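One file, target.cif, carrying mmCIF, C-alpha atoms:
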```
data_work
loop_
_atom_site.label_atom_id
_atom_site.label_comp_id
_atom_site.auth_asym_id
_atom_site.auth_seq_id
_atom_site.Cartn_x
_atom_site.Cartn_y
_atom_site.Cartn_z
CA MET A 231 3.34 13.58 -0.27
CA SER A 232 7.00 14.53 -0.35
CA ASN A 233 8.24 11.74 1.87
CA GLY A 234 5.77 9.13 0.66
CA LEU A 235 6.90 5.55 0.14
CA PHE A 236 5.56 3.92 -3.02
CA ILE A 237 5.98 0.20 -3.47
CA ILE A 238 5.26 -1.73 -6.65
CA LEU A 239 4.88 -5.37 -5.67
CA CYS A 240 4.77 -7.77 -8.56
CA SER A 241 6.60 -10.86 -7.39
CA GLY A 242 4.65 -13.86 -6.12
CA GLU A 243 7.62 -14.95 -4.02
CA HIS A 244 6.76 -15.19 -0.35
CA GLU A 245 10.01 -13.52 0.67
CA LYS A 246 9.31 -10.45 -1.47
CA ILE A 247 5.69 -10.20 -0.38
CA GLN A 248 6.86 -10.42 3.22
CA MET A 249 9.45 -7.71 2.67
CA ALA A 250 6.91 -5.44 1.01
CA ALA A 251 4.51 -5.97 3.91
CA MET A 252 7.26 -5.26 6.44
CA MET A 253 8.39 -2.08 4.68
CA ALA A 254 4.85 -0.83 4.15
CA SER A 255 3.67 -1.50 7.71
CA VAL A 256 6.77 -0.19 9.46
CA ALA A 257 6.85 2.98 7.35
CA ALA A 258 3.12 3.54 7.84
CA VAL A 259 3.31 3.19 11.62
CA SER A 260 6.28 5.57 11.62
CA GLU A 261 3.95 8.25 10.28
CA ARG A 262 5.16 8.08 6.71
CA PRO A 263 2.45 7.84 4.02
CA VAL A 264 2.69 4.62 2.01
CA GLU A 265 1.04 3.33 -1.14
CA VAL A 266 1.43 -0.19 -2.48
CA PHE A 267 0.57 -1.19 -6.05
CA VAL A 268 0.03 -4.96 -6.32
CA SER A 269 0.34 -6.57 -9.74
CA MET A 270 1.35 -9.72 -11.63
CA ASN A 271 1.98 -12.83 -9.52
CA ALA A 272 1.77 -10.86 -6.30
CA LEU A 273 -1.92 -10.21 -6.89
CA LEU A 274 -2.55 -13.97 -6.94
CA ALA A 275 -1.27 -14.23 -3.37
CA PHE A 276 -4.02 -11.87 -2.20
CA ALA A 277 -6.97 -13.93 -3.38
CA ASN A 278 -9.71 -14.25 -0.80
CA GLY A 279 -9.77 -17.19 1.57
CA LEU A 280 -6.52 -18.97 0.77
CA GLU A 281 -4.67 -21.15 3.26
CA SER A 282 -1.18 -19.88 4.10
CA ALA A 283 0.45 -22.76 2.18
CA GLU A 284 -1.56 -21.92 -0.95
CA ARG A 285 -0.93 -18.22 -0.63
CA TYR A 286 2.81 -18.10 -0.12
CA HIS A 287 5.34 -19.76 -2.39
CA GLY A 288 9.02 -19.29 -1.82
CA ALA A 289 12.38 -20.83 -1.07
CA GLU A 290 14.43 -21.39 2.09
CA PHE A 291 13.30 -18.27 3.83
CA SER A 292 9.66 -18.88 3.09
CA GLU A 293 9.93 -22.18 4.97
CA LEU A 294 11.65 -20.49 7.89
CA LEU A 295 9.07 -17.72 8.03
CA ARG A 296 6.33 -20.30 8.23
CA ALA A 297 8.10 -22.68 10.60
CA LYS A 298 8.86 -19.88 13.04
CA ASP A 299 5.46 -18.25 12.82
CA ALA A 300 6.82 -14.91 11.66
CA PRO A 301 4.19 -12.16 11.42
CA ASP A 302 1.91 -12.90 8.48
CA ALA A 303 2.23 -10.46 5.55
CA ILE A 304 -1.49 -9.80 5.35
CA SER A 305 -1.81 -9.06 9.07
CA LEU A 306 1.22 -6.74 8.88
CA LEU A 307 -0.49 -4.83 6.10
CA GLN A 308 -3.73 -4.69 8.09
CA ARG A 309 -1.81 -3.29 11.08
CA GLY A 310 -0.19 -0.73 8.81
CA LYS A 311 -3.63 0.37 7.63
CA GLU A 312 -4.97 0.44 11.18
CA PHE A 313 -2.15 2.50 12.68
CA GLY A 314 -0.94 4.54 9.73
CA ASP A 315 -1.63 6.01 6.31
CA LEU A 316 -1.33 2.97 4.06
CA LYS A 317 -3.16 2.56 0.78
CA ILE A 318 -3.08 -0.66 -1.18
CA TRP A 319 -4.11 -0.75 -4.81
CA ALA A 320 -4.89 -3.70 -7.07
CA CYS A 321 -3.46 -3.38 -10.56
CA SER A 322 -6.41 -2.98 -12.88
CA MET A 323 -4.66 -4.82 -15.71
CA ALA A 324 -3.89 -7.80 -13.51
CA LEU A 325 -7.51 -7.94 -12.31
CA ASP A 326 -8.75 -7.76 -15.90
CA VAL A 327 -6.54 -10.51 -17.32
CA GLN A 328 -7.53 -12.77 -14.42
CA GLY A 329 -11.19 -11.87 -14.88
CA TRP A 330 -11.34 -10.89 -11.19
CA GLU A 331 -13.48 -8.31 -9.43
CA MET A 332 -12.25 -6.60 -6.27
CA SER A 333 -14.42 -9.02 -4.30
CA HIS A 334 -12.11 -11.83 -5.37
CA LEU A 335 -9.36 -10.29 -3.22
CA GLU A 336 -8.73 -10.57 0.49
CA LYS A 337 -11.19 -8.37 2.42
CA ASP A 338 -10.33 -5.12 4.23
CA LEU A 339 -7.02 -4.72 2.53
CA PHE A 340 -7.41 -3.03 -0.85
CA ASP A 341 -8.49 0.56 -1.42
CA GLY A 342 -9.55 -0.16 -4.96
CA PRO A 343 -8.26 -0.87 -8.46
CA ALA A 344 -5.71 1.52 -9.90
CA GLY A 345 -3.56 2.15 -12.93
CA LEU A 346 0.12 2.86 -13.29
CA THR A 347 -0.41 6.30 -14.80
CA LYS A 348 -1.68 7.69 -11.53
CA PHE A 349 0.56 5.61 -9.30
CA LEU A 350 3.76 6.60 -11.10
CA SER A 351 2.71 10.22 -11.21
CA ASP A 352 2.03 10.31 -7.46
CA ALA A 353 5.29 8.46 -6.84
CA GLU A 354 7.27 11.26 -8.49
CA GLN A 355 6.83 13.17 -5.24
CA GLY A 356 8.25 10.38 -3.09
CA GLN A 357 10.35 7.26 -3.16
CA LEU A 358 9.53 4.33 -5.46
CA ILE A 359 10.56 0.76 -4.71
CA THR A 360 9.84 -2.30 -6.83
CA LEU A 361 9.73 -5.87 -5.57
CA MET B 79 -2.41 8.85 38.00
CA SER B 80 -0.25 7.27 35.27
CA GLU B 81 -0.14 3.53 34.89
CA ARG B 82 2.54 1.13 33.73
CA ILE B 83 1.93 -2.14 31.94
CA THR B 84 4.32 -4.79 30.71
CA ILE B 85 4.07 -6.52 27.36
CA ASP B 86 6.03 -9.70 26.95
CA ALA B 87 6.93 -9.86 23.27
CA ARG B 88 9.86 -12.23 23.75
CA GLY B 89 9.97 -14.80 20.99
CA ALA B 90 8.05 -12.53 18.62
CA PHE B 91 9.85 -11.67 15.41
CA CYS B 92 10.46 -8.19 14.10
CA PRO B 93 8.36 -6.10 13.56
CA GLY B 94 6.07 -7.90 16.02
CA PRO B 95 7.29 -6.16 19.21
CA LEU B 96 6.95 -2.71 17.62
CA MET B 97 3.42 -3.50 16.43
CA GLU B 98 2.42 -4.80 19.88
CA LEU B 99 3.76 -1.61 21.44
CA ILE B 100 1.77 0.52 19.01
CA ALA B 101 -1.44 -1.42 19.59
CA ALA B 102 -0.99 -1.06 23.34
CA LEU B 103 -0.26 2.67 23.14
CA LYS B 104 -3.62 3.19 21.47
CA THR B 105 -5.36 1.99 24.62
CA ARG B 106 -3.30 4.08 27.04
CA GLN B 107 -3.54 7.64 28.38
CA ILE B 108 -0.85 10.27 27.96
CA GLY B 109 1.70 9.75 30.70
CA ASP B 110 1.16 5.98 30.95
CA GLU B 111 4.23 3.80 30.62
CA ILE B 112 4.65 0.58 28.69
CA GLU B 113 7.48 -1.81 29.36
CA ILE B 114 8.05 -4.04 26.37
CA LEU B 115 10.15 -7.17 26.67
CA SER B 116 11.79 -8.32 23.47
CA SER B 117 14.31 -10.97 22.49
CA ASP B 118 14.60 -9.47 18.99
CA LYS B 119 17.71 -7.32 18.54
CA GLY B 120 16.24 -5.33 15.68
CA SER B 121 13.35 -4.14 17.82
CA VAL B 122 15.75 -2.89 20.46
CA THR B 123 17.03 -0.22 18.07
CA ASP B 124 13.80 0.14 16.10
CA ILE B 125 11.62 1.00 19.08
CA PRO B 126 13.70 3.97 20.32
CA GLU B 127 14.03 5.15 16.71
CA TRP B 128 10.26 4.95 16.24
CA CYS B 129 9.68 6.85 19.50
CA LYS B 130 12.00 9.61 18.35
CA LYS B 131 10.25 9.85 15.02
CA VAL B 132 6.66 9.94 16.26
CA LYS B 133 7.55 11.76 19.50
CA HIS B 134 6.78 9.39 22.30
CA ASP B 135 9.29 9.18 25.15
CA CYS B 136 11.67 6.26 25.18
CA LEU B 137 12.75 6.27 28.80
CA SER B 138 15.19 3.37 28.97
CA VAL B 139 16.60 0.31 27.26
CA ASP B 140 17.89 -2.38 29.65
CA GLU B 141 19.67 -5.54 28.67
CA LYS B 142 18.64 -8.54 30.72
CA GLU B 143 19.42 -12.27 30.57
CA GLY B 144 18.68 -13.13 26.95
CA TYR B 145 16.24 -10.28 26.33
CA TRP B 146 15.78 -6.51 26.58
CA SER B 147 13.35 -4.35 28.46
CA VAL B 148 12.38 -1.09 26.73
CA LEU B 149 10.37 1.50 28.64
CA VAL B 150 8.19 3.87 26.64
CA ARG B 151 5.96 6.66 27.92
CA LYS B 152 2.96 7.81 25.87
CA ALA B 153 3.59 11.49 25.20
CA LYS B 154 0.75 12.40 22.88
CA MET C 151 -20.36 18.42 -28.76
CA VAL C 152 -17.69 15.88 -29.53
CA ASP C 153 -15.27 15.77 -32.46
CA GLN C 154 -14.15 12.19 -32.08
CA VAL C 155 -15.12 9.11 -30.10
CA LEU C 156 -12.61 6.53 -28.95
CA ASP C 157 -14.15 3.21 -28.01
CA ALA C 158 -11.71 1.74 -25.50
CA GLN C 159 -14.15 -0.78 -24.06
CA GLY C 160 -12.46 -4.09 -23.33
CA LEU C 161 -9.02 -2.47 -23.47
CA VAL C 162 -6.94 -3.33 -20.48
CA CYS C 163 -5.00 -0.68 -18.51
CA PRO C 164 -2.88 1.18 -19.58
CA MET C 165 -4.19 0.95 -23.16
CA PRO C 166 -7.06 3.46 -22.75
CA VAL C 167 -4.64 6.26 -21.87
CA LEU C 168 -2.15 5.26 -24.54
CA GLU C 169 -4.84 5.10 -27.24
CA ALA C 170 -6.26 8.46 -26.08
CA LYS C 171 -2.80 10.00 -26.31
CA LYS C 172 -2.48 8.71 -29.87
CA ALA C 173 -5.91 10.04 -30.85
CA LEU C 174 -5.35 13.46 -29.25
CA ALA C 175 -2.02 13.87 -31.03
CA LYS C 176 -3.87 13.79 -34.36
CA MET C 177 -6.58 16.28 -33.36
CA ALA C 178 -6.70 20.05 -33.69
CA ALA C 179 -6.18 22.25 -30.62
CA GLY C 180 -9.48 22.79 -28.84
CA ALA C 181 -11.10 19.67 -30.35
CA THR C 182 -12.96 17.31 -28.03
CA LEU C 183 -12.36 13.58 -27.69
CA LYS C 184 -14.88 11.29 -26.03
CA ILE C 185 -13.56 8.03 -24.57
CA ILE C 186 -15.62 5.05 -23.49
CA ALA C 187 -13.79 2.50 -21.35
CA THR C 188 -14.42 -0.50 -19.11
CA ASP C 189 -11.08 -0.26 -17.28
CA PRO C 190 -11.75 0.69 -13.63
CA ALA C 191 -8.41 2.46 -13.35
CA ALA C 192 -9.32 4.78 -16.22
CA LYS C 193 -10.80 7.53 -14.03
CA GLY C 194 -7.68 8.00 -11.92
CA ASP C 195 -5.43 7.54 -14.92
CA PHE C 196 -7.22 10.12 -17.10
CA GLU C 197 -7.29 12.71 -14.30
CA VAL C 198 -3.56 12.41 -13.91
CA PHE C 199 -2.92 12.18 -17.66
CA CYS C 200 -4.76 15.46 -18.22
CA ARG C 201 -3.07 17.16 -15.29
CA ASN C 202 0.36 16.14 -16.58
CA THR C 203 -0.23 16.93 -20.26
CA GLY C 204 -2.37 20.06 -20.02
CA HIS C 205 -5.31 18.53 -21.90
CA GLU C 206 -8.57 19.47 -20.20
CA LEU C 207 -10.73 16.80 -18.62
CA LEU C 208 -14.20 18.19 -19.28
CA GLU C 209 -16.19 15.29 -17.94
CA ALA C 210 -15.73 11.97 -16.21
CA SER C 211 -18.77 9.78 -15.56
CA GLN C 212 -19.68 6.21 -14.85
CA ASP C 213 -22.74 4.17 -15.78
CA GLY C 214 -22.47 0.72 -14.24
CA SER C 215 -19.20 -0.70 -15.52
CA ILE C 216 -18.86 1.78 -18.40
CA TYR C 217 -16.70 4.87 -17.85
CA SER C 218 -17.01 7.91 -20.13
CA PHE C 219 -14.64 10.83 -20.47
CA ARG C 220 -14.52 13.99 -22.52
CA ILE C 221 -11.15 15.62 -23.06
CA ARG C 222 -10.38 18.90 -24.81
CA ARG C 223 -7.10 18.83 -26.67
CA ALA C 224 -4.68 21.46 -25.37
CA PRO C 225 -3.25 24.11 -27.74
#
```
Exercise: express the given structure as structure tokens:
Amino acid sequence: MSNGLFIILCSGEHEKIQMAAMMASVAAVSERPVEVFVSMNALLAFANGLESAERYHGAEFSELLRAKDAPDAISLLQRGKEFGDLKIWACSMALDVQGWEMSHLEKDLFDGPAGLTKFLSDAEQGQLITL
Amino acid sequence: MSERITIDARGAFCPGPLMELIAALKTRQIGDEIEILSSDKGSVTDIPEWCKKVKHDCLSVDEKEGYWSVLVRKAK
Amino acid sequence: MVDQVLDAQGLVCPMPVLEAKKALAKMAAGATLKIIATDPAAKGDFEVFCRNTGHELLEASQDGSIYSFRIRRAP
């Protein structure tokens, strides 16, 4: 994957999650392969069945995004998966320390648990961004 | 016999218009045209750029009163 | 035939790979290390680890939530 986009998303901030979703979905629909590694506080935002207010925590922009009904991060990611090559991985460490199984996460989004060894190695061929 | 449809994505925020265009293209035949109306400036440059990248035809970009009309033809 | 067993059960990613690296460093070329882990990322991680380091991944299997690997230490 020599033009692959690799995103490590670890912030729980709404604005960063939104940006990661925007980058991932736009790149994926532009026929660029994308992989997202979700860890730390970001993983918490992807728990199954949360209300938008519980899921997304942020500052000024978070309020604006919600007030103006901007495209939801999770639906952007789902679109990216539907129309492009987008893989989303749940950090195995983060799952373990939370005591979560994959079933605890939002459905139809994650391709499985993964570790950094493989993600970083694959990312050597492409472009790595951390949020 | 190619068809044209119009999608009104005015008021939708980036990347909404692009995503609506892509969803619509999936349901169209090669040669069909989609006119997408957008009030979002970013989409007005993003959509032609996307067309160039994935090789659909961006036929025109017209500025109207407070919005733009972008015409795309499904090429593959 | 296994020369050493590393019990990495309960170790959270990326510890299994890091502990395996430590163990392999102390072994003779050609010796075999067996690793038992509960970390679901271990399979992908060990495949890549072996590819990048030249150690040979002889076996990777899973029994329920227990993952087992056998690695031959490179010369």
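This file, queried with the PyMOL selection byres ((chain C) within 6 of (chain A)), gives the residues C:Val162, C:Cys163, C:Ala191, C:Asp195, C:Val198.
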Taking C-alpha atoms for each residue, export the selection above as a compact mmCIF listing (two decimals), keeping the file's coordinate frame.
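So the final result, stored in out14.txt, reads:
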```txt
# COMPACT_ATOMS: atom_id res chain seq x y z
CA VAL C 162 -6.94 -3.33 -20.48
CA CYS C 163 -5.00 -0.68 -18.51
CA ALA C 191 -8.41 2.46 -13.35
CA ASP C 195 -5.43 7.54 -14.92
CA VAL C 198 -3.56 12.41 -13.91
```
Can you work out the spacing between atom CA of Glu336 of chain A and atom CA of Glu245 of chain A in Å, to one decimal? 19.0 Å
For the PyMOL selection byres ((chain A) within 12 of (chain B)), applied here, can you spell out every residue it catches as an NGL selection string? :A and (248-249 or 251-262 or 294-296 or 298-303 or 305-314)
Answer key for the PyMOL selection byres ((chain B and resi 146-153) around 6), residues as a ChimeraX atom specification: /B:108-116,134-142,145,154
So what do you get for atom CA of Ile216 of chain C versus atom CA of Pro164 of chain C, distance-wise? 16.0 Å
Gap from atom CA of Ser211 of chain C to atom CA of Val264 of chain A - Å, one decimal: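 Pair atom CA of Ser211 of chain C / atom CA of Val264 of chain A returns 28.2 Å.
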Kindly compute an axis-aligned box around the listed atoms of segment 209-219 of chain C, allowing 8 Å on each side, and express its centre and edge lengths in Å to one decimal as AutoDock Vina command-line options.
```
--center_x -18.7 --center_y 7.3 --center_z -17.4 --size_x 24.1 --size_y 32.0 --size_z 22.2
```
Determine the nearest neighbour of Met79 of chain B from the options B:Gln107, B:Thr123, B:Ala102, B:Pro95, counting all atoms listed in the file.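 Distance minimum relative to Met79 of chain B lands on B:Gln107.
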Neighbour list for Val155 of chain C as a list in words, cut-off 9 Å, all atoms listed in the file, skip fewer than 6 positions in-chain: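 In the requested format, the answer is Thr182, Leu183, Lys184, Ile185 and Ile186 of chain C.
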Polymer residues at most 9 Å from Leu208 of chain C, all atoms listed in the file, same-chain spacing of 6 or more positions, as a compact mmCIF listing (two decimals) with C-alpha atoms, keeping the file's coordinate frame:
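The resulting file, around.txt, is reproduced below:
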```
# COMPACT_ATOMS: atom_id res chain seq x y z
CA THR C 182 -12.96 17.31 -28.03
CA PHE C 219 -14.64 10.83 -20.47
CA ARG C 220 -14.52 13.99 -22.52
CA ILE C 221 -11.15 15.62 -23.06
CA ARG C 222 -10.38 18.90 -24.81
```
Segment 265-272 of chain A environment, 6 Å, only C-alpha atoms, sequence neighbours closer than 3 positions dropped, as an MDAnalysis selection string: chainID A and resid 236:242 275 316:321 324
Using only C-alpha atoms, which protein or nucleic acid residues come within 10 Å of Glu169 of chain C? Drop anything in the same chain fewer than 4 positions from it, and give the result as a ChimeraX atom specification. /C:156-158,161,164-165,173-175,185
